[in-house]
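Right, one structure below, let's go through it.
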Amino acid sequence: MNTEAIKQGFQQAAALFQAQQYDQALQILDRLDNAVPNTRDILYFKARVLGMLNRAQEAATLCARLTALGDERGEQLLSHILIS
């Protein structure tokens, strides 16, 4: 998957998220995560989508991955998911 395809996929996932089509957004983010693992923005967005789908344990796992990569958004998102 080239850079342009990744960018387009991310934008498509964002549009689906805005339209509250979380399952479809997650499908795209899963493909992106498989193509370019440990990409912080993809992990963060995927965790947000999982949170919206009430899949808190999976979201927490991604938050831990983010935190391990040195991204403080992981801890912030985790606290938000646990409060919701």
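Quick note on naming: the chains in the structure tokens go A, B, ... in the order shown, residues restart at 1 in each chain, and ligands are numbered from 1 in order of appearance.
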Contacts of Lys46 of chain A at 10 Å (only C-alpha atoms; same-chain gap of 5+ positions) as a CSV table (one decimal) with all heavy atoms, in the first residue's frame:
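In the end it all went to around04.csv:
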chain,number,residue,atom,x,y,z
A,13,ALA,N,-11.9,6.8,6.2
A,13,ALA,CA,-12.3,6.3,7.6
A,13,ALA,C,-12.8,7.5,8.4
A,13,ALA,O,-13.7,7.4,9.2
A,13,ALA,CB,-11.1,5.7,8.3
A,22,TYR,N,-19.2,3.5,12.2
A,22,TYR,CA,-18.0,3.1,12.9
A,22,TYR,C,-17.5,1.7,12.4
A,22,TYR,O,-16.3,1.5,12.3
A,22,TYR,CB,-18.3,3.1,14.4
A,22,TYR,CG,-18.7,4.4,15.0
A,22,TYR,CD1,-19.9,4.5,15.6
A,22,TYR,CD2,-18.0,5.6,14.8
A,22,TYR,CE1,-20.4,5.8,16.1
A,22,TYR,CE2,-18.4,6.8,15.2
A,22,TYR,CZ,-19.6,6.9,15.9
A,22,TYR,OH,-20.0,8.1,16.3
A,25,ALA,N,-15.7,2.3,9.2
A,25,ALA,CA,-14.4,3.0,9.5
A,25,ALA,C,-13.4,2.0,10.1
A,25,ALA,O,-12.2,2.0,9.7
A,25,ALA,CB,-14.6,4.1,10.5
A,26,LEU,N,-13.8,1.1,11.0
A,26,LEU,CA,-12.9,0.2,11.6
A,26,LEU,C,-12.3,-0.8,10.6
A,26,LEU,O,-11.2,-1.1,10.7
A,26,LEU,CB,-13.6,-0.6,12.7
A,26,LEU,CG,-12.8,-1.6,13.5
A,26,LEU,CD1,-11.6,-0.9,14.2
A,26,LEU,CD2,-13.7,-2.3,14.5
A,27,GLN,N,-13.1,-1.2,9.6
A,27,GLN,CA,-12.6,-2.1,8.6
A,27,GLN,C,-11.5,-1.5,7.8
A,27,GLN,O,-10.4,-2.1,7.6
A,27,GLN,CB,-13.7,-2.5,7.6
A,27,GLN,CG,-14.8,-3.4,8.2
A,27,GLN,CD,-15.9,-3.6,7.2
A,27,GLN,OE1,-15.9,-3.2,6.1
A,27,GLN,NE2,-17.0,-4.3,7.7
A,28,ILE,N,-11.6,-0.2,7.5
A,28,ILE,CA,-10.5,0.5,6.8
A,28,ILE,C,-9.3,0.7,7.7
A,28,ILE,O,-8.2,0.4,7.2
A,28,ILE,CB,-11.0,1.9,6.3
A,28,ILE,CG1,-12.1,1.7,5.2
A,28,ILE,CG2,-9.9,2.7,5.8
A,28,ILE,CD1,-12.9,2.9,4.8
A,29,LEU,N,-9.5,1.0,8.9
A,29,LEU,CA,-8.4,1.2,9.9
A,29,LEU,C,-7.7,-0.1,10.1
A,29,LEU,O,-6.5,-0.1,10.3
A,29,LEU,CB,-8.9,1.9,11.1
A,29,LEU,CG,-9.4,3.3,11.0
A,29,LEU,CD1,-10.2,3.8,12.2
A,29,LEU,CD2,-8.2,4.3,10.7
A,30,ASP,N,-8.4,-1.2,10.2
A,30,ASP,CA,-7.8,-2.5,10.3
A,30,ASP,C,-6.8,-2.8,9.1
A,30,ASP,O,-5.7,-3.2,9.4
A,30,ASP,CB,-8.8,-3.6,10.4
A,30,ASP,CG,-9.5,-3.8,11.7
A,30,ASP,OD1,-8.9,-3.3,12.8
A,30,ASP,OD2,-10.6,-4.4,11.8
A,32,LEU,N,-5.4,-0.5,7.2
A,32,LEU,CA,-4.3,0.4,7.3
A,32,LEU,C,-3.3,0.0,8.4
A,32,LEU,O,-2.1,0.1,8.2
A,32,LEU,CB,-4.8,1.8,7.6
A,32,LEU,CG,-5.6,2.5,6.5
A,32,LEU,CD1,-6.2,3.8,7.0
A,32,LEU,CD2,-4.8,2.7,5.3
A,33,ASP,N,-3.8,-0.5,9.5
A,33,ASP,CA,-2.9,-0.9,10.6
A,33,ASP,C,-2.1,-2.1,10.2
A,33,ASP,O,-1.0,-2.3,10.5
A,33,ASP,CB,-3.8,-1.2,11.9
A,33,ASP,CG,-3.0,-1.5,13.1
A,33,ASP,OD1,-1.8,-0.9,13.2
A,33,ASP,OD2,-3.4,-2.2,14.0
A,40,ARG,N,1.1,5.9,14.7
A,40,ARG,CA,0.4,6.5,15.8
A,40,ARG,C,-0.9,7.0,15.5
A,40,ARG,O,-1.9,6.8,16.2
A,40,ARG,CB,1.3,7.6,16.4
A,40,ARG,CG,2.6,7.1,17.1
A,40,ARG,CD,3.4,8.2,17.5
A,40,ARG,NE,4.7,7.7,18.1
A,40,ARG,CZ,5.6,8.4,18.7
A,40,ARG,NH1,5.4,9.7,18.8
A,40,ARG,NH2,6.7,7.8,19.1
A,41,ASP,N,-1.1,7.8,14.4
A,41,ASP,CA,-2.4,8.3,14.1
A,41,ASP,C,-3.4,7.3,13.8
A,41,ASP,O,-4.6,7.4,14.1
A,41,ASP,CB,-2.2,9.3,12.9
A,41,ASP,CG,-1.5,10.6,13.3
A,41,ASP,OD1,-1.5,10.9,14.5
A,41,ASP,OD2,-1.0,11.3,12.4
A,51,GLY,N,-13.7,2.6,20.9
A,51,GLY,CA,-14.4,3.2,22.0
A,51,GLY,C,-15.9,3.5,21.7
A,51,GLY,O,-16.8,3.3,22.5
A,52,MET,N,-16.1,4.0,20.5
A,52,MET,CA,-17.4,4.4,20.1
A,52,MET,C,-18.3,3.1,19.9
A,52,MET,O,-19.5,3.2,20.0
A,52,MET,CB,-17.4,5.2,18.7
A,52,MET,CG,-16.8,6.5,18.9
A,52,MET,SD,-17.5,7.6,20.1
A,52,MET,CE,-19.1,7.9,19.4
A,58,GLU,N,-10.5,-3.7,23.7
A,58,GLU,CA,-9.7,-3.6,22.5
A,58,GLU,C,-9.1,-2.2,22.4
A,58,GLU,O,-7.9,-2.1,22.0
A,58,GLU,CB,-10.5,-4.0,21.3
A,58,GLU,CG,-10.9,-5.4,21.2
A,58,GLU,CD,-11.9,-5.7,20.1
A,58,GLU,OE1,-11.5,-5.9,19.0
A,58,GLU,OE2,-13.2,-5.6,20.4
A,59,ALA,N,-9.9,-1.2,22.7
A,59,ALA,CA,-9.4,0.2,22.6
A,59,ALA,C,-8.3,0.4,23.6
A,59,ALA,O,-7.3,1.0,23.3
A,59,ALA,CB,-10.6,1.1,22.9
A,62,LEU,N,-5.0,-0.9,22.3
A,62,LEU,CA,-4.4,0.0,21.4
A,62,LEU,C,-3.9,1.3,22.1
A,62,LEU,O,-2.8,1.8,21.7
A,62,LEU,CB,-5.4,0.5,20.3
A,62,LEU,CG,-5.9,-0.6,19.4
A,62,LEU,CD1,-6.8,0.0,18.3
A,62,LEU,CD2,-4.7,-1.2,18.7
A,63,CYS,N,-4.5,1.7,23.1
A,63,CYS,CA,-4.0,2.8,23.9
A,63,CYS,C,-2.7,2.5,24.6
A,63,CYS,O,-1.7,3.3,24.6
A,63,CYS,CB,-5.0,3.2,25.0
A,63,CYS,SG,-6.5,4.1,24.4
Counting only C-alpha atoms, the residue of A:Leu43, A:Ala56, A:Ile83, A:Val49 that sits nearest Leu69 of chain A: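 Closest candidate: A:Leu43.
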As a short mmCIF file (atom, residue, chain, number, x, y, z; two decimals) with N, CA and C atoms, in the first residue's frame, list the residues of segment 32-75 of chain A assigned to alpha helix (DSSP H) by DSSP on the backbone atoms of this structure.
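Result file result.cif:
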data_model
loop_
_atom_site.label_atom_id
_atom_site.label_comp_id
_atom_site.auth_asym_id
_atom_site.auth_seq_id
_atom_site.Cartn_x
_atom_site.Cartn_y
_atom_site.Cartn_z
N LEU A 32 -5.41 -0.51 7.21
CA LEU A 32 -4.29 0.43 7.31
C LEU A 32 -3.30 -0.01 8.39
N ASP A 33 -3.81 -0.47 9.52
CA ASP A 33 -2.95 -0.91 10.61
C ASP A 33 -2.14 -2.13 10.19
N ASN A 34 -2.73 -3.02 9.41
CA ASN A 34 -1.99 -4.18 8.91
C ASN A 34 -0.92 -3.78 7.90
N ALA A 35 -1.23 -2.77 7.09
CA ALA A 35 -0.29 -2.33 6.05
C ALA A 35 0.88 -1.55 6.63
N ARG A 40 1.13 5.87 14.67
CA ARG A 40 0.44 6.48 15.81
C ARG A 40 -0.94 7.02 15.47
N ASP A 41 -1.07 7.76 14.39
CA ASP A 41 -2.37 8.34 14.06
C ASP A 41 -3.40 7.27 13.76
N ILE A 42 -2.99 6.20 13.10
CA ILE A 42 -3.92 5.11 12.81
C ILE A 42 -4.33 4.41 14.09
N LEU A 43 -3.37 4.12 14.97
CA LEU A 43 -3.69 3.47 16.25
C LEU A 43 -4.65 4.33 17.08
N TYR A 44 -4.38 5.61 17.15
CA TYR A 44 -5.22 6.52 17.92
C TYR A 44 -6.65 6.53 17.38
N PHE A 45 -6.77 6.68 16.07
CA PHE A 45 -8.08 6.76 15.45
C PHE A 45 -8.82 5.43 15.62
N LYS A 46 -8.10 4.34 15.45
CA LYS A 46 -8.71 3.02 15.61
C LYS A 46 -9.21 2.83 17.05
N ALA A 47 -8.44 3.28 18.03
CA ALA A 47 -8.87 3.19 19.43
C ALA A 47 -10.13 4.03 19.66
N ARG A 48 -10.18 5.19 19.06
CA ARG A 48 -11.38 6.03 19.19
C ARG A 48 -12.61 5.33 18.63
N VAL A 49 -12.45 4.72 17.46
CA VAL A 49 -13.56 4.01 16.83
C VAL A 49 -14.01 2.85 17.71
N LEU A 50 -13.05 2.08 18.22
CA LEU A 50 -13.39 0.96 19.10
C LEU A 50 -14.13 1.46 20.34
N GLY A 51 -13.71 2.59 20.86
CA GLY A 51 -14.41 3.18 21.99
C GLY A 51 -15.86 3.50 21.66
N MET A 52 -16.09 4.04 20.48
CA MET A 52 -17.45 4.37 20.05
C MET A 52 -18.30 3.11 19.87
N ALA A 56 -14.29 -1.49 24.70
CA ALA A 56 -13.32 -0.81 25.55
C ALA A 56 -12.03 -1.60 25.75
N GLN A 57 -12.11 -2.92 25.88
CA GLN A 57 -10.90 -3.71 26.11
C GLN A 57 -9.96 -3.63 24.91
N GLU A 58 -10.51 -3.73 23.71
CA GLU A 58 -9.69 -3.62 22.51
C GLU A 58 -9.11 -2.22 22.37
N ALA A 59 -9.93 -1.22 22.69
CA ALA A 59 -9.45 0.17 22.64
C ALA A 59 -8.32 0.36 23.64
N ALA A 60 -8.45 -0.21 24.83
CA ALA A 60 -7.42 -0.08 25.86
C ALA A 60 -6.11 -0.72 25.40
N THR A 61 -6.20 -1.83 24.69
CA THR A 61 -4.99 -2.48 24.16
C THR A 61 -4.28 -1.56 23.18
N LEU A 62 -5.04 -0.89 22.33
CA LEU A 62 -4.43 0.05 21.38
C LEU A 62 -3.86 1.26 22.11
N CYS A 63 -4.53 1.71 23.15
CA CYS A 63 -4.00 2.83 23.93
C CYS A 63 -2.66 2.45 24.56
N ALA A 64 -2.55 1.22 25.02
CA ALA A 64 -1.28 0.75 25.58
C ALA A 64 -0.20 0.71 24.50
N ARG A 65 -0.56 0.30 23.29
CA ARG A 65 0.41 0.32 22.19
C ARG A 65 0.87 1.75 21.90
N LEU A 66 -0.07 2.67 21.90
CA LEU A 66 0.27 4.08 21.67
C LEU A 66 1.23 4.59 22.73
N THR A 67 0.90 4.30 23.98
CA THR A 67 1.73 4.75 25.09
C THR A 67 3.13 4.16 24.98
N ALA A 68 3.22 2.89 24.60
CA ALA A 68 4.52 2.22 24.44
C ALA A 68 5.34 2.87 23.33
N ARG A 73 -1.16 10.55 23.85
CA ARG A 73 -2.60 10.46 23.56
C ARG A 73 -3.17 9.11 24.01
N GLY A 74 -2.31 8.08 24.09
CA GLY A 74 -2.77 6.77 24.53
C GLY A 74 -3.35 6.82 25.93
N GLU A 75 -2.64 7.43 26.85
CA GLU A 75 -3.13 7.53 28.23
C GLU A 75 -4.35 8.44 28.32
#
Between atom CA of Leu78 of chain A and atom CA of Thr39 of chain A, what is the distance in Å, rounded to a tenth? 17.5 Å
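Put simply, atom CA of Gly70 of chain A is 22.2 Å away from atom CA of Ile6 of chain A.
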